[in-house]
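Structure first, commentary second.
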Amino acid sequence: MLHVAVAPPLPDVLLTPFSVHGRRESKGIDVPSHVHDEGMLVLVHEGLVVVQAGAQVWTVMPGSLGWIPPGVQHGARWFGEARGSFLYVRRDACGRLPDRCRSWPASRLIEALMDRFTSVQSDTVLSPAYQEQLFDVLLEELRQREHEPVLLPMPADARLQDLANTLLDRPDDTAGIDEWAQRLNMSSRTLMRRFRQETGITLGQWRQQARLLRALELLCRGGSVTEAGLSVGYESTSAFIGSFRAAFGVTPTRYLAERE
C-alpha cells in the first residue's frame, strides 16, 4: 500500500514538502494522470519511476531528481520499493526552473538540501528568508548538473502497455514473442509490428532497455553487479556488463562512480 505524507501547498509558501513510501506491488504502483498548479521536484530514493507527460515518457532512477513544471498533465508508475521526497514549488518561482520535464543525477548537496526541506517537523518551520536562500543554493547546484534523459518509450495500446508493465515488474520473465502474442490474443507478427510502431524500437530492444533500467535501480540501491545482472534475466555477469557498456558507454561500476 502506498503511504503519502503530504500537506496541501499554501499560496504564500515557497516550498511545500511531502514524502511517498510504499511496498513493492505487482506491475508497480500506479499514479493516475493529474495536474497541479505548482511545480514539483521529486528526489527518488528507491524504485524506478516511469513518468508520462503528454507524448513524453521518461524514467527517473534512484538517486535522481525529477522536475515537473506547473500545469503539466502527467501520470507515473513506480516499480520496486517506492520511496521519494517531494517539493511543491510555488508557481511564481517556477520560472527559474526548466519549462519542460527534466531530471538530473543528484549530488550529496542536493540530497542534503532536499532532506533539510522535507525533514522539518510541523512545529519547526524554516523562515521564508532561510528557505529562499537554501532554494537558491539548490537551483545553482542544478545548473552545475547535466540533464539526465533516460527514456523508455511506452506503447499507447492498453494490451501492449500491460505487456510493458509486466516486463518492467518482472524483468527476468523468460516468455518469448510467441507466448506473449498468445497471451495478448494476437499473432506474433502483429505484436512485433504494433510494438515497433508505437515505441519506435523492437520488442527485443525495449525489453533489453527495461532490464538495464531495472538493473540500474538495483545497483543504485547498493546491489552488486552480479546480483543486478542475474536478477533481471542475464545468464552471466559478463553478458550483463557487455550489454550495459553497449547501452551506456561505460561499465556499471564506472557509471555509478560518475554519478557521485
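Chain identifiers are assigned as A, B, and so on, following the order in which chains appear in the C-alpha cells; residues are numbered from 1 within each chain, and ligands are numbered from 1 in order of appearance.
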
Point to revise | Non-local contacts of Phe117 in chain A (10 Å; only C-alpha atoms; under 2 positions in same chain excluded) as a list in words | key: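 The residues that qualify are Leu15, Thr16, Pro17, Phe18, Ser85, Phe86, Leu87, Glu111, Ala112, Leu113, Met114, Asp115, Ser119, Val120, Gln121, Val125, Leu126, Gln131, Leu134 and Phe135 of chain A.
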
Serialized selection, all heavy atoms, as a short mmCIF file (atom, residue, chain, number, x, y, z; two decimals), in the first residue's frame:
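So the final result, stored in result.cif, reads:
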```cif
data_model
loop_
_atom_site.label_atom_id
_atom_site.label_comp_id
_atom_site.auth_asym_id
_atom_site.auth_seq_id
_atom_site.Cartn_x
_atom_site.Cartn_y
_atom_site.Cartn_z
N LEU A 15 8.02 26.68 -0.77
CA LEU A 15 8.17 25.24 -0.94
C LEU A 15 7.31 24.49 0.06
O LEU A 15 7.34 24.80 1.26
CB LEU A 15 9.64 24.83 -0.75
CG LEU A 15 10.68 25.53 -1.64
CD1 LEU A 15 12.08 25.18 -1.17
CD2 LEU A 15 10.48 25.17 -3.10
N THR A 16 6.56 23.50 -0.42
CA THR A 16 5.77 22.64 0.46
C THR A 16 6.25 21.21 0.30
O THR A 16 6.12 20.64 -0.79
CB THR A 16 4.27 22.72 0.13
OG1 THR A 16 3.83 24.07 0.20
CG2 THR A 16 3.45 21.88 1.11
N PRO A 17 6.84 20.62 1.35
CA PRO A 17 7.39 19.26 1.21
C PRO A 17 6.36 18.17 1.50
O PRO A 17 5.40 18.38 2.24
CB PRO A 17 8.49 19.25 2.29
CG PRO A 17 7.94 20.14 3.36
CD PRO A 17 7.15 21.21 2.66
N PHE A 18 6.56 17.01 0.89
CA PHE A 18 5.84 15.80 1.29
C PHE A 18 6.66 14.59 0.87
O PHE A 18 7.66 14.72 0.18
CB PHE A 18 4.42 15.76 0.72
CG PHE A 18 4.31 15.63 -0.77
CD1 PHE A 18 4.04 14.41 -1.37
CD2 PHE A 18 4.45 16.74 -1.59
CE1 PHE A 18 3.91 14.29 -2.74
CE2 PHE A 18 4.32 16.64 -2.97
CZ PHE A 18 4.05 15.41 -3.54
N SER A 85 11.14 11.88 -1.91
CA SER A 85 10.89 13.16 -1.25
C SER A 85 10.47 14.17 -2.30
O SER A 85 11.10 14.27 -3.36
CB SER A 85 12.15 13.66 -0.54
OG SER A 85 12.56 12.75 0.47
N PHE A 86 9.41 14.91 -2.02
CA PHE A 86 8.82 15.82 -2.99
C PHE A 86 8.78 17.24 -2.44
O PHE A 86 8.66 17.46 -1.23
CB PHE A 86 7.38 15.40 -3.31
CG PHE A 86 7.26 14.07 -4.01
CD1 PHE A 86 7.49 12.89 -3.34
CD2 PHE A 86 6.88 14.02 -5.34
CE1 PHE A 86 7.35 11.67 -3.98
CE2 PHE A 86 6.75 12.80 -5.99
CZ PHE A 86 6.98 11.62 -5.31
N LEU A 87 8.83 18.19 -3.38
CA LEU A 87 8.63 19.60 -3.03
C LEU A 87 7.68 20.23 -4.05
O LEU A 87 7.94 20.19 -5.25
CB LEU A 87 9.96 20.38 -3.09
CG LEU A 87 10.99 20.20 -1.98
CD1 LEU A 87 12.21 21.05 -2.30
CD2 LEU A 87 10.42 20.62 -0.62
N GLU A 111 20.90 16.06 -2.17
CA GLU A 111 20.23 15.17 -1.21
C GLU A 111 20.13 15.83 0.16
O GLU A 111 19.10 15.72 0.83
CB GLU A 111 21.00 13.85 -1.13
CG GLU A 111 20.91 13.03 -2.41
CD GLU A 111 21.78 11.79 -2.37
OE1 GLU A 111 22.59 11.67 -1.41
OE2 GLU A 111 21.67 10.95 -3.28
N ALA A 112 21.19 16.53 0.57
CA ALA A 112 21.17 17.20 1.88
C ALA A 112 20.14 18.33 1.90
O ALA A 112 19.42 18.51 2.89
CB ALA A 112 22.56 17.74 2.21
N LEU A 113 20.04 19.08 0.81
CA LEU A 113 19.08 20.17 0.75
C LEU A 113 17.65 19.64 0.75
O LEU A 113 16.78 20.16 1.46
CB LEU A 113 19.33 21.02 -0.49
CG LEU A 113 20.59 21.90 -0.48
CD1 LEU A 113 20.88 22.43 -1.88
CD2 LEU A 113 20.43 23.05 0.52
N MET A 114 17.39 18.59 -0.04
CA MET A 114 16.05 18.01 -0.05
C MET A 114 15.69 17.44 1.31
O MET A 114 14.54 17.57 1.77
CB MET A 114 15.97 16.92 -1.13
CG MET A 114 16.02 17.45 -2.56
SD MET A 114 14.55 18.39 -3.01
CE MET A 114 13.32 17.09 -3.10
N ASP A 115 16.66 16.84 1.98
CA ASP A 115 16.41 16.32 3.32
C ASP A 115 16.10 17.46 4.29
O ASP A 115 15.23 17.34 5.14
CB ASP A 115 17.63 15.54 3.81
CG ASP A 115 17.42 14.95 5.20
OD1 ASP A 115 16.57 14.05 5.33
OD2 ASP A 115 18.09 15.42 6.14
N SER A 119 12.48 17.21 5.99
CA SER A 119 12.53 16.61 7.33
C SER A 119 12.16 17.59 8.42
O SER A 119 12.22 17.25 9.60
CB SER A 119 13.94 16.05 7.61
OG SER A 119 14.90 17.10 7.62
N VAL A 120 11.77 18.81 8.04
CA VAL A 120 11.35 19.79 9.05
C VAL A 120 10.08 19.33 9.72
O VAL A 120 9.10 18.96 9.06
CB VAL A 120 11.13 21.17 8.39
CG1 VAL A 120 10.57 22.16 9.39
CG2 VAL A 120 12.44 21.68 7.82
N GLN A 121 10.07 19.32 11.03
CA GLN A 121 8.90 18.90 11.79
C GLN A 121 7.82 19.98 11.73
O GLN A 121 8.09 21.14 11.44
CB GLN A 121 9.28 18.62 13.25
CG GLN A 121 10.34 17.55 13.41
CD GLN A 121 9.89 16.21 12.86
OE1 GLN A 121 8.77 15.80 13.07
NE2 GLN A 121 10.78 15.54 12.13
N VAL A 125 9.41 25.45 11.59
CA VAL A 125 9.20 25.97 10.24
C VAL A 125 10.41 26.80 9.83
O VAL A 125 10.88 27.66 10.58
CB VAL A 125 7.93 26.83 10.17
CG1 VAL A 125 7.73 27.37 8.76
CG2 VAL A 125 6.72 26.02 10.61
N LEU A 126 10.92 26.53 8.64
CA LEU A 126 12.01 27.35 8.12
C LEU A 126 11.49 28.75 7.83
O LEU A 126 10.41 28.91 7.25
CB LEU A 126 12.56 26.73 6.83
CG LEU A 126 13.23 25.36 6.92
CD1 LEU A 126 13.66 24.91 5.53
CD2 LEU A 126 14.41 25.38 7.86
N GLN A 131 14.53 29.73 3.77
CA GLN A 131 14.07 28.80 2.76
C GLN A 131 14.47 29.27 1.36
O GLN A 131 14.92 28.47 0.52
CB GLN A 131 12.55 28.65 2.84
CG GLN A 131 11.99 27.51 2.02
CD GLN A 131 10.49 27.36 2.17
OE1 GLN A 131 9.74 28.22 1.74
NE2 GLN A 131 10.07 26.27 2.79
N LEU A 134 18.23 28.67 0.81
CA LEU A 134 18.52 27.26 0.51
C LEU A 134 18.05 26.89 -0.90
O LEU A 134 18.71 26.12 -1.60
CB LEU A 134 17.85 26.35 1.54
CG LEU A 134 18.38 26.44 2.98
CD1 LEU A 134 17.63 25.45 3.87
CD2 LEU A 134 19.87 26.17 3.04
N PHE A 135 16.91 27.44 -1.29
CA PHE A 135 16.39 27.17 -2.62
C PHE A 135 17.33 27.73 -3.69
O PHE A 135 17.56 27.09 -4.73
CB PHE A 135 15.00 27.78 -2.76
CG PHE A 135 14.28 27.41 -4.04
CD1 PHE A 135 14.12 26.08 -4.41
CD2 PHE A 135 13.75 28.39 -4.87
CE1 PHE A 135 13.46 25.73 -5.58
CE2 PHE A 135 13.09 28.06 -6.02
CZ PHE A 135 12.93 26.73 -6.39
#
```

Backbone DSSP call of alpha helix (DSSP H) for range 87-179 of chain A, listed as an mmCIF file with C-alpha atoms, in the first residue's frame:
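To be explicit, this is the file written out as out_2.cif:
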```cif
data_model
loop_
_atom_site.group_PDB
_atom_site.id
_atom_site.type_symbol
_atom_site.label_atom_id
_atom_site.label_comp_id
_atom_site.auth_asym_id
_atom_site.auth_seq_id
_atom_site.Cartn_x
_atom_site.Cartn_y
_atom_site.Cartn_z
ATOM 1 C CA ARG A 108 25.244 14.849 -1.940
ATOM 2 C CA LEU A 109 24.426 18.540 -1.697
ATOM 3 C CA ILE A 110 21.099 18.098 -3.484
ATOM 4 C CA GLU A 111 20.234 15.173 -1.213
ATOM 5 C CA ALA A 112 21.166 17.197 1.877
ATOM 6 C CA LEU A 113 19.080 20.173 0.753
ATOM 7 C CA MET A 114 16.046 18.008 -0.052
ATOM 8 C CA ASP A 115 16.413 16.323 3.318
ATOM 9 C CA ARG A 116 16.557 19.731 5.011
ATOM 10 C CA PHE A 117 13.369 20.834 3.274
ATOM 11 C CA THR A 118 11.404 17.632 3.838
ATOM 12 C CA PRO A 128 10.871 32.381 4.415
ATOM 13 C CA ALA A 129 14.242 34.122 4.031
ATOM 14 C CA TYR A 130 16.211 30.996 5.002
ATOM 15 C CA GLN A 131 14.067 28.797 2.756
ATOM 16 C CA GLU A 132 14.724 31.104 -0.201
ATOM 17 C CA GLN A 133 18.459 31.059 0.485
ATOM 18 C CA LEU A 134 18.521 27.259 0.509
ATOM 19 C CA PHE A 135 16.392 27.171 -2.623
ATOM 20 C CA ASP A 136 18.893 29.457 -4.358
ATOM 21 C CA VAL A 137 21.649 27.001 -3.469
ATOM 22 C CA LEU A 138 19.593 24.100 -4.826
ATOM 23 C CA LEU A 139 18.969 25.890 -8.124
ATOM 24 C CA GLU A 140 22.638 26.770 -8.508
ATOM 25 C CA GLU A 141 23.622 23.157 -7.851
ATOM 26 C CA LEU A 142 21.161 22.018 -10.533
ATOM 27 C CA ARG A 143 22.784 24.387 -13.008
ATOM 28 C CA ALA A 158 -3.714 -0.990 -23.484
ATOM 29 C CA ARG A 159 -2.639 -4.576 -24.181
ATOM 30 C CA LEU A 160 0.884 -3.515 -25.108
ATOM 31 C CA GLN A 161 1.047 -1.314 -22.003
ATOM 32 C CA ASP A 162 0.140 -4.340 -19.911
ATOM 33 C CA LEU A 163 2.974 -6.255 -21.563
ATOM 34 C CA ALA A 164 5.425 -3.392 -20.970
ATOM 35 C CA ASN A 165 4.442 -3.002 -17.319
ATOM 36 C CA THR A 166 4.772 -6.744 -16.743
ATOM 37 C CA LEU A 167 8.251 -6.792 -18.268
ATOM 38 C CA LEU A 168 9.281 -3.841 -16.092
ATOM 39 C CA ASP A 169 7.905 -5.519 -12.997
ATOM 40 C CA ILE A 177 7.368 -13.434 -28.535
ATOM 41 C CA ASP A 178 5.070 -16.363 -29.393
ATOM 42 C CA GLU A 179 3.977 -16.854 -25.791
#
```

Check your understanding: Which one is closest to Arg214 in chain A: A:Arg91, A:Trp180, A:Gly75, A:Val60? Count only C-alpha atoms.
Key ->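 Of all the options, A:Val60 lies closest to Arg214 in chain A.
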
Practice item. Give the strand (DSSP E or B) residues of range 37-244 of chain A, as DSSP finds them on the backbone, and put them as a count of residues only. Key: 45

Exercise for review: Please indicate the distance in Å from CA of Leu48 in chain A to CA of Ser188 in chain A, rounded to one decimal place.
Suggested key: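 Atom-to-atom, CA of Leu48 in chain A and CA of Ser188 in chain A are spaced 29.0 Å apart.
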
Review point. Excluding same-chain residues fewer than 4 positions from Ala53 in chain A, what lies within 7 Å of it counting only C-alpha atoms, as a list in words?
Key: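 Here the answer would be Val57, Val72, Gln73, His74 and Gly75 of chain A.
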
Exercise for review: Write out as a VMD selection string the residues lying within 10 Å of Thr251 in chain A, counting only C-alpha atoms and excluding same-chain residues fewer than 4 positions away.
Suggested key: chain A and resid 225 240 to 247 255 to 257

For the selection just defined, write its residues with N, CA and C atoms to a file, as a PDB file, in the first residue's frame.
```
ATOM      1  N   VAL A 225      27.122  -5.896  -8.990  1.00  0.00           N
ATOM      2  CA  VAL A 225      26.944  -6.020 -10.427  1.00  0.00           C
ATOM      3  C   VAL A 225      26.391  -7.402 -10.777  1.00  0.00           C
ATOM      4  N   PHE A 240      25.867  -9.264 -18.868  1.00  0.00           N
ATOM      5  CA  PHE A 240      25.239  -8.040 -18.367  1.00  0.00           C
ATOM      6  C   PHE A 240      26.155  -6.836 -18.563  1.00  0.00           C
ATOM      7  N   ILE A 241      27.429  -6.976 -18.195  1.00  0.00           N
ATOM      8  CA  ILE A 241      28.373  -5.863 -18.338  1.00  0.00           C
ATOM      9  C   ILE A 241      28.504  -5.454 -19.799  1.00  0.00           C
ATOM     10  N   GLY A 242      28.533  -6.450 -20.695  1.00  0.00           N
ATOM     11  CA  GLY A 242      28.637  -6.150 -22.118  1.00  0.00           C
ATOM     12  C   GLY A 242      27.432  -5.362 -22.624  1.00  0.00           C
ATOM     13  N   SER A 243      26.237  -5.773 -22.230  1.00  0.00           N
ATOM     14  CA  SER A 243      25.026  -5.059 -22.651  1.00  0.00           C
ATOM     15  C   SER A 243      24.981  -3.664 -22.045  1.00  0.00           C
ATOM     16  N   PHE A 244      25.403  -3.560 -20.795  1.00  0.00           N
ATOM     17  CA  PHE A 244      25.397  -2.267 -20.114  1.00  0.00           C
ATOM     18  C   PHE A 244      26.357  -1.302 -20.805  1.00  0.00           C
ATOM     19  N   ARG A 245      27.547  -1.785 -21.114  1.00  0.00           N
ATOM     20  CA  ARG A 245      28.546  -0.934 -21.769  1.00  0.00           C
ATOM     21  C   ARG A 245      28.053  -0.487 -23.155  1.00  0.00           C
ATOM     22  N   ALA A 246      27.392  -1.393 -23.889  1.00  0.00           N
ATOM     23  CA  ALA A 246      26.880  -1.045 -25.216  1.00  0.00           C
ATOM     24  C   ALA A 246      25.807   0.040 -25.127  1.00  0.00           C
ATOM     25  N   ALA A 247      24.999   0.001 -24.041  1.00  0.00           N
ATOM     26  CA  ALA A 247      23.912   0.962 -23.906  1.00  0.00           C
ATOM     27  C   ALA A 247      24.366   2.296 -23.336  1.00  0.00           C
ATOM     28  N   TYR A 255      29.794   3.790 -14.318  1.00  0.00           N
ATOM     29  CA  TYR A 255      28.572   4.602 -14.392  1.00  0.00           C
ATOM     30  C   TYR A 255      28.201   5.134 -13.005  1.00  0.00           C
ATOM     31  N   LEU A 256      28.206   4.257 -12.021  1.00  0.00           N
ATOM     32  CA  LEU A 256      27.844   4.670 -10.667  1.00  0.00           C
ATOM     33  C   LEU A 256      28.870   5.647 -10.105  1.00  0.00           C
ATOM     34  N   ALA A 257      30.152   5.402 -10.390  1.00  0.00           N
ATOM     35  CA  ALA A 257      31.203   6.289  -9.892  1.00  0.00           C
ATOM     36  C   ALA A 257      31.049   7.696 -10.456  1.00  0.00           C
TER      37      ALA A 257
END
```

**Study point:** Exercise: range 35-40 of chain A partners within 12 Å, only C-alpha atoms, chain neighbours under 3 positions left out, as an MDAnalysis selection string
**Key:** chainID A and resid 8:18 31:32 43 52:54 65:76 85:103

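CA of Gly204 in chain A is found 17.2 Å from CA of Met186 in chain A.
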